[in-house]
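Printed here is start_34.txt (compact mmCIF, C-alpha atoms and all ligand atoms):
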# COMPACT_ATOMS: atom_id res chain seq x y z
CA MET U 1 -27.36 20.75 -10.09
CA LYS U 2 -26.50 17.12 -9.37
CA PRO U 3 -23.20 16.17 -7.62
CA ILE U 4 -21.81 14.72 -10.88
CA GLY U 5 -22.53 17.98 -12.72
CA TYR U 6 -20.89 19.90 -9.89
CA ILE U 7 -17.69 17.89 -10.36
CA ASP U 8 -17.60 18.73 -14.09
CA LYS U 9 -18.26 22.40 -13.41
CA ASN U 10 -15.71 22.73 -10.59
CA PHE U 11 -12.94 20.49 -11.88
CA LYS U 12 -10.45 23.38 -12.20
CA LYS U 13 -10.81 24.03 -8.48
CA LEU U 14 -10.08 20.37 -7.76
CA ILE U 15 -6.82 20.67 -9.70
CA LYS U 16 -5.96 23.94 -7.94
CA ASP U 17 -6.47 22.35 -4.52
CA LEU U 18 -4.42 19.30 -5.54
CA GLN U 19 -1.62 21.65 -6.65
CA LEU U 20 -1.65 23.34 -3.25
CA LEU U 21 -1.32 19.95 -1.56
CA ILE U 22 1.55 18.88 -3.83
CA GLN U 23 3.33 22.22 -3.28
CA GLN U 24 3.47 21.49 0.44
CA PRO U 25 6.24 18.86 0.78
CA SER U 26 5.40 16.20 3.38
CA VAL U 27 8.20 13.63 3.38
CA SER U 28 7.65 11.39 6.39
CA ALA U 29 11.04 9.67 6.00
CA LYS U 30 12.75 13.04 6.64
CA ASN U 31 10.05 14.62 8.81
CA GLU U 32 9.88 17.40 6.24
CA GLY U 33 6.70 19.52 6.18
CA ILE U 34 4.59 16.94 8.03
CA GLU U 35 3.08 19.37 10.55
CA GLU U 36 2.46 22.00 7.85
CA CYS U 37 0.82 19.48 5.55
CA ALA U 38 -1.48 18.16 8.28
CA LYS U 39 -2.70 21.73 8.82
CA LEU U 40 -3.16 22.27 5.09
CA VAL U 41 -5.21 19.06 4.80
CA LYS U 42 -7.40 20.18 7.70
CA LYS U 43 -7.92 23.51 5.94
CA THR U 44 -8.72 21.76 2.65
CA LEU U 45 -11.34 19.59 4.35
CA GLU U 46 -12.92 22.61 6.07
CA LYS U 47 -13.01 24.59 2.84
CA SER U 48 -15.10 21.75 1.39
CA GLY U 49 -17.52 21.90 4.32
CA ILE U 50 -16.06 18.93 6.22
CA ARG U 51 -15.56 19.39 9.97
CA SER U 52 -11.97 18.52 10.79
CA GLU U 53 -9.53 18.16 13.66
CA ILE U 54 -5.94 17.09 14.12
CA LEU U 55 -5.41 14.06 16.38
CA ARG U 56 -2.13 13.42 18.16
CA LEU U 57 -0.52 10.53 20.01
CA GLY U 58 2.61 12.30 21.17
CA LYS U 59 5.83 13.98 20.17
CA ASN U 60 7.70 12.57 17.16
CA ILE U 61 4.55 10.86 15.93
CA ALA U 62 2.96 12.32 12.82
CA PRO U 63 -0.48 13.80 13.55
CA LEU U 64 -3.54 12.20 12.00
CA VAL U 65 -6.09 14.43 10.28
CA TYR U 66 -9.67 13.46 11.01
CA GLY U 67 -12.70 14.70 9.11
CA GLU U 68 -16.38 14.08 9.58
CA VAL U 69 -19.73 14.95 8.04
CA LYS U 70 -22.90 13.70 9.69
CA SER U 71 -25.77 12.83 7.39
CA LYS U 72 -29.06 14.49 8.29
CA SER U 73 -31.15 12.13 6.17
CA ASN U 74 -29.30 8.88 6.96
CA PRO U 75 -27.36 9.09 10.24
CA ASN U 76 -27.12 5.32 10.83
CA LYS U 77 -24.72 4.38 8.04
CA THR U 78 -21.08 5.41 7.94
CA LEU U 79 -18.44 5.21 5.23
CA LEU U 80 -14.82 5.75 6.26
CA LEU U 81 -12.23 7.03 3.80
CA TYR U 82 -8.64 6.12 4.65
CA ASN U 83 -5.82 8.13 3.03
CA HIS U 84 -2.37 9.52 3.81
CA TYR U 85 -0.90 12.99 3.40
CA ASP U 86 2.77 11.99 3.59
CA VAL U 87 4.84 11.24 0.49
CA GLN U 88 8.00 9.39 -0.49
CA PRO U 89 11.25 11.38 -0.77
CA ALA U 90 11.55 13.04 -4.20
CA GLU U 91 15.23 12.14 -4.80
CA PRO U 92 16.91 11.95 -7.24
CA PHE U 93 15.83 15.53 -8.02
CA ASP U 94 17.74 15.85 -11.29
CA LEU U 95 15.61 13.16 -12.95
CA TRP U 96 12.43 15.24 -12.59
CA GLU U 97 11.22 17.03 -15.70
CA TYR U 98 9.41 19.60 -13.52
CA PRO U 99 10.26 20.41 -9.90
CA PRO U 100 8.80 17.59 -7.74
CA PHE U 101 6.76 19.95 -5.55
CA SER U 102 5.42 22.14 -8.35
CA GLY U 103 2.16 20.43 -9.26
CA LYS U 104 2.80 21.42 -12.87
CA VAL U 105 -0.05 20.60 -15.26
CA ASN U 106 0.85 19.56 -18.78
CA GLY U 107 -1.94 18.35 -21.04
CA ASN U 108 -3.86 15.56 -19.32
CA LYS U 109 -1.28 15.12 -16.55
CA ILE U 110 -0.43 16.79 -13.28
CA PHE U 111 3.13 16.15 -12.13
CA GLY U 112 4.64 16.08 -8.67
CA ARG U 113 5.49 13.92 -5.67
CA GLY U 114 2.15 12.79 -4.25
CA SER U 115 0.15 13.69 -7.36
CA SER U 116 -1.09 10.10 -7.43
CA ASP U 117 0.18 8.66 -4.15
CA ASP U 118 -1.74 9.80 -2.20
CA LYS U 119 -2.73 13.45 -2.54
CA GLY U 120 -4.44 12.81 -5.89
CA GLU U 121 -6.50 9.99 -4.39
CA LEU U 122 -7.27 12.13 -1.34
CA ILE U 123 -8.59 15.05 -3.37
CA THR U 124 -11.04 12.77 -5.25
CA ARG U 125 -12.51 11.72 -1.88
CA ILE U 126 -12.73 15.27 -0.53
CA LYS U 127 -14.29 16.70 -3.68
CA SER U 128 -16.91 13.95 -3.96
CA VAL U 129 -18.13 14.83 -0.46
CA GLU U 130 -18.01 18.55 -1.30
CA ALA U 131 -20.14 17.87 -4.39
CA PHE U 132 -22.95 16.45 -2.23
CA LEU U 133 -22.72 19.21 0.37
CA ARG U 134 -22.81 22.02 -2.20
CA THR U 135 -25.63 20.58 -4.31
CA THR U 136 -27.88 18.91 -1.73
CA GLY U 137 -26.78 20.42 1.60
CA ASP U 138 -26.38 16.87 2.94
CA VAL U 139 -24.50 13.59 2.38
CA PRO U 140 -26.26 10.25 1.66
CA CYS U 141 -24.48 8.62 4.66
CA ASN U 142 -22.09 9.72 7.39
CA ILE U 143 -18.57 10.26 6.09
CA LYS U 144 -15.38 9.94 8.09
CA PHE U 145 -11.87 10.78 6.91
CA VAL U 146 -8.84 9.14 8.50
CA ILE U 147 -5.75 10.69 6.91
CA GLU U 148 -2.45 9.53 8.39
CA GLY U 149 1.06 10.91 7.95
CA GLU U 150 3.28 7.82 8.26
CA GLU U 151 2.07 5.53 5.49
CA GLU U 152 5.22 5.82 3.42
CA THR U 153 7.36 4.80 6.38
CA GLY U 154 5.27 1.75 7.27
CA SER U 155 2.23 3.17 9.16
CA GLU U 156 4.02 2.66 12.45
CA HIS U 157 1.36 4.22 14.65
CA ILE U 158 -1.86 3.57 12.76
CA GLU U 159 -2.67 0.64 15.07
CA LYS U 160 -2.42 2.90 18.13
CA TYR U 161 -4.60 5.54 16.47
CA LEU U 162 -7.20 2.96 15.46
CA LYS U 163 -7.29 1.47 18.95
CA LYS U 164 -7.42 4.82 20.75
CA TYR U 165 -10.11 6.25 18.46
CA ARG U 166 -11.96 3.00 17.76
CA LYS U 167 -15.33 4.58 18.66
CA LYS U 168 -14.70 7.83 16.81
CA PHE U 169 -13.68 5.89 13.68
CA SER U 170 -16.51 3.32 13.89
CA CYS U 171 -17.97 2.67 10.45
CA ASP U 172 -19.70 0.15 8.19
CA GLY U 173 -17.21 0.17 5.33
CA VAL U 174 -13.74 1.48 4.46
CA ILE U 175 -12.55 2.83 1.12
CA TRP U 176 -8.82 2.17 0.91
CA GLU U 177 -6.25 4.88 0.17
CA PHE U 178 -5.52 3.94 -3.43
CA GLY U 179 -6.82 1.98 -6.36
CA TYR U 180 -5.14 1.05 -9.60
CA ILE U 181 -6.28 1.76 -13.13
CA ASP U 182 -4.80 -0.88 -15.45
CA SER U 183 -3.02 -0.37 -18.78
CA LYS U 184 -6.39 -0.55 -20.60
CA ASP U 185 -7.88 2.21 -18.39
CA THR U 186 -9.99 -0.27 -16.44
CA PRO U 187 -10.19 0.33 -12.68
CA VAL U 188 -9.23 -2.50 -10.38
CA VAL U 189 -11.51 -3.03 -7.39
CA GLY U 190 -9.12 -4.50 -4.83
CA LEU U 191 -10.35 -6.67 -1.97
CA GLY U 192 -7.17 -7.45 -0.10
CA MET U 193 -3.51 -6.93 0.69
CA LYS U 194 -0.80 -9.43 1.50
CA GLY U 195 0.98 -9.27 4.85
CA LEU U 196 4.69 -8.77 5.38
CA LEU U 197 7.42 -10.06 7.61
CA TYR U 198 10.76 -8.27 7.26
CA VAL U 199 13.94 -9.48 8.95
CA ASP U 200 17.70 -8.99 8.96
CA LEU U 201 19.86 -12.10 9.26
CA PHE U 202 23.33 -11.41 10.54
CA ALA U 203 26.43 -13.59 10.63
CA GLN U 204 29.70 -12.70 12.33
CA GLU U 205 32.90 -14.71 12.56
CA SER U 206 36.12 -12.77 13.17
CA ASN U 207 36.29 -9.39 14.90
CA LYS U 208 37.69 -7.75 11.74
CA ASP U 209 38.08 -8.28 8.00
CA ALA U 210 41.14 -10.38 7.15
CA HIS U 211 43.49 -11.02 4.22
CA SER U 212 41.70 -13.60 2.06
CA SER U 213 44.67 -15.94 2.20
CA MET U 214 43.38 -16.67 5.71
CA ALA U 215 40.36 -18.40 4.13
CA VAL U 216 42.13 -21.71 4.79
CA LEU U 217 41.68 -21.07 8.53
CA ILE U 218 39.06 -18.40 9.15
CA LYS U 219 35.44 -19.23 8.40
CA ASN U 220 33.69 -16.81 6.08
CA PRO U 221 30.38 -15.42 7.45
CA ALA U 222 29.16 -14.74 3.90
CA TRP U 223 29.32 -18.49 3.16
CA ARG U 224 27.57 -19.15 6.45
CA LEU U 225 24.74 -16.80 5.58
CA ILE U 226 24.41 -18.07 2.01
CA GLN U 227 24.12 -21.63 3.32
CA ALA U 228 21.47 -20.60 5.82
CA ILE U 229 19.44 -18.64 3.26
CA ALA U 230 19.61 -21.55 0.82
CA THR U 231 17.65 -23.70 3.29
CA LEU U 232 14.71 -21.28 3.40
CA ARG U 233 13.21 -21.85 -0.03
CA ASP U 234 13.35 -24.18 -3.03
CA ASN U 235 13.86 -23.17 -6.66
CA ASN U 236 10.14 -23.06 -7.34
CA GLY U 237 9.59 -20.44 -4.65
CA LYS U 238 8.22 -22.82 -2.04
CA VAL U 239 9.21 -21.85 1.50
CA LEU U 240 10.85 -24.84 3.23
CA ILE U 241 10.38 -23.71 6.83
CA LYS U 242 8.41 -26.28 8.84
CA ASP U 243 4.68 -25.49 9.13
CA TRP U 244 5.12 -22.26 7.15
CA TYR U 245 1.86 -22.90 5.26
CA LYS U 246 -0.04 -24.44 8.16
CA GLU U 247 -2.69 -21.72 8.59
CA VAL U 248 -2.86 -20.60 4.96
CA ARG U 249 -6.47 -20.35 3.89
CA LEU U 250 -6.96 -21.71 0.37
CA LEU U 251 -8.90 -19.69 -2.17
CA THR U 252 -12.62 -20.44 -2.22
CA LYS U 253 -14.20 -21.65 -5.46
CA PHE U 254 -15.60 -18.17 -6.02
CA GLU U 255 -12.24 -16.48 -5.40
CA THR U 256 -10.58 -18.95 -7.77
CA ARG U 257 -13.11 -18.03 -10.43
CA LEU U 258 -12.34 -14.35 -9.91
CA VAL U 259 -8.61 -14.95 -10.21
CA LYS U 260 -9.17 -16.87 -13.46
CA SER U 261 -11.21 -13.99 -14.89
CA GLU U 262 -8.63 -11.31 -14.00
CA PRO U 263 -6.77 -10.02 -17.02
CA PHE U 264 -3.00 -10.48 -16.88
CA ASP U 265 -0.80 -9.78 -19.86
CA GLU U 266 2.08 -12.16 -19.19
CA LYS U 267 4.10 -11.23 -22.26
CA SER U 268 4.04 -7.46 -21.75
CA PHE U 269 4.78 -7.98 -18.04
CA GLN U 270 7.86 -10.02 -18.96
CA ARG U 271 8.88 -7.46 -21.56
CA GLU U 272 8.54 -4.64 -19.00
CA TYR U 273 11.09 -6.38 -16.74
CA GLY U 274 13.22 -7.91 -19.49
CA ILE U 275 12.72 -11.47 -18.23
CA LYS U 276 12.00 -14.68 -20.13
CA ASP U 277 9.97 -16.70 -17.67
CA PHE U 278 8.53 -16.75 -14.15
CA VAL U 279 9.64 -18.48 -10.95
CA GLY U 280 8.97 -22.21 -11.17
CA GLY U 281 7.84 -21.84 -14.79
CA LYS U 282 4.51 -20.37 -13.70
CA LYS U 283 2.15 -19.52 -16.53
CA GLY U 284 -1.39 -18.22 -16.95
CA PHE U 285 -3.56 -19.11 -13.97
CA THR U 286 -0.67 -20.27 -11.76
CA ALA U 287 1.08 -16.90 -12.29
CA LYS U 288 -2.08 -14.95 -11.45
CA LYS U 289 -2.79 -17.14 -8.45
CA ALA U 290 0.75 -16.59 -7.15
CA LEU U 291 0.31 -12.81 -7.26
CA VAL U 292 -2.93 -13.04 -5.32
CA ALA U 293 -2.47 -15.91 -2.92
CA GLU U 294 1.09 -17.18 -2.57
CA PRO U 295 3.51 -16.38 0.25
CA THR U 296 7.03 -15.39 -0.76
CA CYS U 297 10.53 -15.50 0.65
CA ASN U 298 12.68 -12.82 -0.97
CA VAL U 299 16.30 -11.78 -0.48
CA ALA U 300 15.93 -7.99 -0.52
CA GLY U 301 19.60 -7.30 0.08
CA PHE U 302 22.92 -8.95 0.87
CA VAL U 303 25.95 -7.07 2.16
CA SER U 304 29.39 -8.49 2.91
CA GLY U 305 33.02 -7.90 2.07
CA TYR U 306 34.14 -5.71 -0.80
CA THR U 307 31.62 -4.69 -3.46
CA GLY U 308 33.42 -1.80 -5.18
CA ASP U 309 35.21 -1.72 -8.55
CA GLY U 310 38.11 -4.04 -9.28
CA ALA U 311 39.49 -6.79 -7.12
CA LYS U 312 40.10 -6.69 -3.39
CA THR U 313 41.05 -9.96 -1.78
CA VAL U 314 39.33 -9.71 1.56
CA LEU U 315 37.78 -12.15 3.96
CA PRO U 316 34.85 -10.31 5.56
CA GLY U 317 34.27 -10.42 9.29
CA LYS U 318 30.51 -10.16 8.98
CA ALA U 319 27.61 -10.56 6.58
CA LEU U 320 24.07 -9.24 6.50
CA ALA U 321 21.02 -10.40 4.56
CA LYS U 322 17.72 -8.55 4.43
CA ILE U 323 14.80 -10.88 3.83
CA ASP U 324 11.16 -10.16 3.24
CA PHE U 325 8.34 -12.66 3.41
CA ARG U 326 4.90 -11.80 1.97
CA LEU U 327 2.15 -13.44 3.96
CA VAL U 328 -1.40 -14.43 3.03
CA PRO U 329 -4.52 -14.98 5.16
CA GLU U 330 -4.48 -16.52 7.91
CA MET U 331 -0.74 -16.52 8.55
CA ASP U 332 0.19 -14.92 11.87
CA PRO U 333 3.44 -12.90 11.61
CA LYS U 334 4.40 -13.70 15.23
CA LYS U 335 4.02 -17.45 14.67
CA GLN U 336 5.99 -17.22 11.44
CA VAL U 337 8.87 -15.48 13.23
CA SER U 338 9.16 -18.28 15.76
CA ARG U 339 8.99 -20.85 12.95
CA LEU U 340 11.83 -19.08 11.19
CA LYS U 341 13.88 -19.05 14.39
CA ASN U 342 13.18 -22.75 14.99
CA HIS U 343 14.15 -23.52 11.42
CA LEU U 344 17.53 -21.82 11.77
CA LYS U 345 18.16 -23.54 15.07
CA SER U 346 17.24 -27.02 13.92
CA ASN U 347 19.36 -26.61 10.79
CA GLY U 348 22.41 -25.75 12.87
CA PHE U 349 22.36 -21.98 12.35
CA SER U 350 21.65 -20.85 15.91
CA ASP U 351 24.72 -18.58 15.74
CA LEU U 352 22.94 -16.25 13.30
CA LYS U 353 21.37 -13.13 14.77
CA ILE U 354 17.92 -12.11 13.65
CA LYS U 355 16.27 -8.70 13.79
CA VAL U 356 12.57 -8.40 13.07
CA TYR U 357 11.44 -5.06 11.60
CA GLN U 358 7.89 -5.51 10.57
CA GLY U 359 5.20 -8.08 10.97
CA GLU U 360 1.92 -7.35 9.33
CA ALA U 361 -0.88 -9.82 8.67
CA ALA U 362 -2.72 -10.10 5.36
CA ALA U 363 -6.35 -9.09 4.90
CA ARG U 364 -9.06 -9.90 2.41
CA THR U 365 -12.66 -8.78 2.12
CA ASP U 366 -15.15 -11.49 1.21
CA PRO U 367 -16.03 -10.96 -2.47
CA LYS U 368 -19.64 -11.79 -1.59
CA ASP U 369 -19.90 -8.92 0.92
CA PRO U 370 -22.64 -6.52 -0.30
CA PHE U 371 -20.15 -3.62 -0.06
CA VAL U 372 -18.21 -5.20 -2.96
CA SER U 373 -21.07 -4.93 -5.43
CA ILE U 374 -21.72 -1.32 -4.36
CA VAL U 375 -18.16 -0.36 -5.27
CA LYS U 376 -18.01 -2.55 -8.37
CA ASP U 377 -21.34 -1.27 -9.76
CA SER U 378 -20.23 2.33 -9.17
CA ALA U 379 -16.95 1.75 -11.00
CA ASP U 380 -18.76 -0.02 -13.86
CA GLN U 381 -21.16 2.90 -14.24
CA VAL U 382 -18.46 5.56 -14.40
CA PHE U 383 -15.65 3.69 -16.21
CA GLY U 384 -17.72 1.33 -18.38
CA LYS U 385 -16.23 -1.72 -16.67
CA SER U 386 -13.98 -2.77 -13.80
CA THR U 387 -12.01 -5.78 -12.59
CA LEU U 388 -12.32 -7.49 -9.22
CA ASN U 389 -8.96 -8.34 -7.67
CA VAL U 390 -9.02 -10.79 -4.75
CA SER U 391 -5.79 -9.42 -3.32
CA ASN U 392 -3.09 -6.97 -4.24
CA ALA U 393 0.40 -8.52 -4.28
CA GLY U 394 1.63 -5.71 -2.02
CA THR U 395 1.16 -4.87 1.65
CA GLY U 396 -0.75 -2.24 3.63
CA PRO U 397 -2.30 -1.98 7.10
CA MET U 398 -5.67 -3.29 5.91
CA TYR U 399 -5.70 -6.08 8.47
CA LEU U 400 -5.76 -3.51 11.29
CA PHE U 401 -8.72 -1.64 9.81
CA LYS U 402 -10.58 -4.90 9.20
CA THR U 403 -10.04 -6.28 12.68
CA ILE U 404 -10.12 -3.13 14.85
CA LEU U 405 -12.98 -1.36 13.06
CA LYS U 406 -14.60 -4.66 12.02
CA SER U 407 -15.46 -3.29 8.60
CA PRO U 408 -14.92 -4.53 5.06
CA CYS U 409 -12.16 -2.63 3.18
CA ILE U 410 -12.06 -2.07 -0.56
CA SER U 411 -9.51 -0.25 -2.68
CA ILE U 412 -10.64 1.80 -5.64
CA GLY U 413 -9.00 4.89 -7.05
CA SER U 414 -7.35 6.96 -9.74
CA THR U 415 -3.75 5.70 -9.79
CA HIS U 416 -2.73 4.67 -13.28
CA ILE U 417 -0.54 1.57 -13.20
CA PHE U 418 2.33 3.42 -14.91
CA SER U 419 2.03 6.73 -13.01
CA ARG U 420 5.56 6.34 -11.55
CA ILE U 421 4.59 6.46 -7.90
CA HIS U 422 7.67 6.50 -5.65
CA SER U 423 9.80 7.45 -8.74
CA PRO U 424 10.79 10.68 -10.48
CA ASN U 425 8.10 12.29 -12.65
CA GLU U 426 5.18 10.87 -10.68
CA PHE U 427 1.97 12.08 -12.25
CA ALA U 428 -1.80 11.72 -12.10
CA ARG U 429 -4.05 11.77 -15.13
CA LEU U 430 -6.70 14.48 -15.02
CA ASP U 431 -9.37 12.38 -16.75
CA LEU U 432 -8.87 9.62 -14.17
CA LEU U 433 -9.03 12.06 -11.25
CA LYS U 434 -12.36 13.35 -12.56
CA LYS U 435 -13.80 9.88 -13.18
CA THR U 436 -12.69 8.64 -9.78
CA THR U 437 -14.29 11.64 -8.04
CA LYS U 438 -17.54 10.78 -9.81
CA CYS U 439 -17.09 7.12 -8.91
CA MET U 440 -16.69 8.12 -5.24
CA CYS U 441 -19.99 10.03 -5.51
CA LYS U 442 -21.72 6.90 -6.83
CA ILE U 443 -20.23 4.80 -4.04
CA ILE U 444 -21.36 7.23 -1.34
CA GLU U 445 -24.84 7.41 -2.88
CA LYS U 446 -25.28 3.63 -3.22
CA PHE U 447 -23.77 2.99 0.19
CA GLY U 448 -26.30 5.40 1.71
CA MET U 449 -29.15 3.52 0.06
CA SER U 450 -27.95 0.05 1.08
ZN ZN Y 501 3.20 5.20 -1.60
As structure tokens - that is how I would like this structure written.
Ligand SMILES: [Zn+2]
Amino acid sequence: MKPIGYIDKNFKKLIKDLQLLIQQPSVSAKNEGIEECAKLVKKTLEKSGIRSEILRLGKNIAPLVYGEVKSKSNPNKTLLLYNHYDVQPAEPFDLWEYPPFSGKVNGNKIFGRGSSDDKGELITRIKSVEAFLRTTGDVPCNIKFVIEGEEETGSEHIEKYLKKYRKKFSCDGVIWEFGYIDSKDTPVVGLGMKGLLYVDLFAQESNKDAHSSMAVLIKNPAWRLIQAIATLRDNNGKVLIKDWYKEVRLLTKFETRLVKSEPFDEKSFQREYGIKDFVGGKKGFTAKKALVAEPTCNVAGFVSGYTGDGAKTVLPGKALAKIDFRLVPEMDPKKQVSRLKNHLKSNGFSDLKIKVYQGEAAARTDPKDPFVSIVKDSADQVFGKSTLNVSNAGTGPMYLFKTILKSPCISIGSTHIFSRIHSPNEFARLDLLKKTTKCMCKIIEKFGMS
């Protein structure tokens, strides 16, 4: 039997193992079931013939599950598969049609928290390796699994793990933890992620809230913060902080061509969100280019004064704004923080306090890297066609993998674009899980031959 045939024949077992993973809650935000799930993942790897161990950095840090299979026929080439076993909280529970940790199968769908993100993706990787081991007794290249437990809370310790185990994790290519399937069932081969800078801006005036009649005398920190925020960005989305774009690497001609050829259904996107137009009147290519290659400055939250029902005439003592900035290659989060601070200072807002939560650089794999055509050809063979995406509009720790392991990273997977990840009724489609497992087989095979 060939590996692909093995996947068809043993697909029920894949679903059963995915159900077991879903049934073990592993909510990193609440430290619920993390230890148990790490052990279950280790067991799942071992059941498939993959040697596994649990790596630890210390107390209160989620363990990382490592897996490895050495190739007898081709020991000099290594593919690393990065995934995570933790999930988002399942709340609100009452909006779930089936219990969130049931793994209930209905028709072509399996429901549950983690069914797509990321236990579904993980099982496709594990089973593709199992298919080779059971049918050929070998794998076409060395395989390494790095499965972390803090992805959904921002991958706080992945950098430490990567640095500590740099040698153990050494590889020639990384398959990212997820990959999208678009609304036309075409897989998206993703070559990058944007970076992220997340800050709180905080204004305080009086030591307590006051009667709003005092507004003639007491300055309002909400006004102060609004005025400061208004200096950060213009109406077209351009960030107005000095030198903000200084290191931004422009798209190459080839990348521009790829962006132009990416499908993007503007009208149905706008319908989905109930909006009439895009920021700055972007259309067609400029909208697609913005998703791939433009930095952002977004007000994620603003809290001050009274926000309940009815009227309360209050003059707040303090105000808080939460701001996120998406970054693109080669912006350095540390430099951007000091530019933001300088901006506030030189605009007369040095009284505002700033708290930096997260600074993560963007990463992109060169579309001309030979690894890209290996993944793209595999996806084309199994799905009929695929789309190359220069960069996802979201953020993940890809930069760390790229720079610490010095390997190209590509995302490909089974996650349908409307599979409600992070929301109630998350599901994975069975046909896509099967196809993606086969696609992983093709990737491993071609990678071994390259
Ligand atoms: Zn997620």
So which one's closest to U:Pro424, U:Asn74, U:Phe11, U:Glu91, U:Pro25? Using all atoms listed in the file, please.
-> U:Glu91
Give as JSON, numbers by chain the residues surrounding ligand ZN 501 (chain Y) up to a distance of 8 Å, considering only C-alpha atoms and all ligand atoms.
-> {"U": [87, 88, 117, 118, 151, 152, 421, 422]}
Would you list the contacts of U:Glu121 as number ranges by chain, taking every protein, DNA or RNA residue within 7 Å and counting all atoms listed in the file, but skipping same-chain residues closer than 3 positions in sequence?
-> U: 116-118, 124-125, 177-178, 413-414
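Comparing U:Arg326, U:His343, U:Lys253, U:His211 by their smallest distance to U:Gly305, the closest is U:His211 (using all atoms listed in the file).
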Point out the residue among U:Ile229, U:Ala210, U:Met193, U:Ile275 with the least atom-to-atom distance to U:Glu294, counting all atoms listed in the file.
->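 Using all atoms listed in the file, U:Glu294 sits closest to U:Met193.
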Nearest to U:Ala38 among U:Asp17, U:Glu156, U:Glu360, U:Asp86, with distances taken over all atoms listed in the file: which residue is it?
->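 Comparing U:Asp17, U:Glu156, U:Glu360, U:Asp86 against U:Ala38, the winner is U:Asp86.
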In file coordinates, which residues lie within 12 Å of (-19.0, -0.6, -9.3) using only C-alpha atoms, given as JSON, numbers by chain?
-> {"U": [186, 187, 188, 189, 190, 370, 371, 372, 373, 374, 375, 376, 377, 378, 379, 380, 381, 382, 383, 384, 385, 386, 387, 388, 410, 411, 412, 413, 436, 438, 439, 440, 441, 442, 443, 444, 445, 446, 447]}
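Among the candidate residues U:Gly49, U:Gly317, U:Pro75, U:Gly280, the one lying nearest to U:Ala203 is U:Gly317, with distances computed using only C-alpha atoms.
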